[in-house]
Amino acid sequence: MKNKLKVLRAENELTQEQLANAVSVSRQTINAIEKGKFDPSLVLAIKLSRLFKTDIESIFTYEPDLD
């Protein structure tokens with residue numbers, strides 16, 4: 001799943017640590033999501049969308065595997 005989390009975080013002048021604290025996860029979780037190594041739970045995606053005052057689809061884009 002692609003995401004715009006890093007861009008949104010930078011636009012809002014937040015560090016990974018600050019964002020992680022705001023949504024009650026670890027900095028490593030934010031880092032993994034930004035790098036596309038981890039897909040967030042629905043609850044976390046909702047928390048992020050509310051924090052950035054946007055819809056989930058504006059942050060995350062699902063792309064099915066083409067295996």
# chains A, B, ... in the order shown; residues from 1 in each chain; ligands from 1
>>> select_by_dssp(residues="chain A", states="strand (DSSP E)", output="list in words")
Lys2, Asn3, Phe60 and Thr61 of chain A
>>> residues_around(residues="stretch 53-66 of chain A", least_positions_apart="6", cutoff="10 Å", atoms="only C-alpha atoms", output="PyMOL selection string")
chain A and resi 1-8+39-40+42+45-47
>>> residues_around(residues="A:Gln28", least_positions_apart="6", cutoff="12 Å", atoms="only C-alpha atoms", output="JSON, numbers by chain")
{"A": [15, 16, 17, 18, 19, 20, 21, 34, 35, 37, 38]}
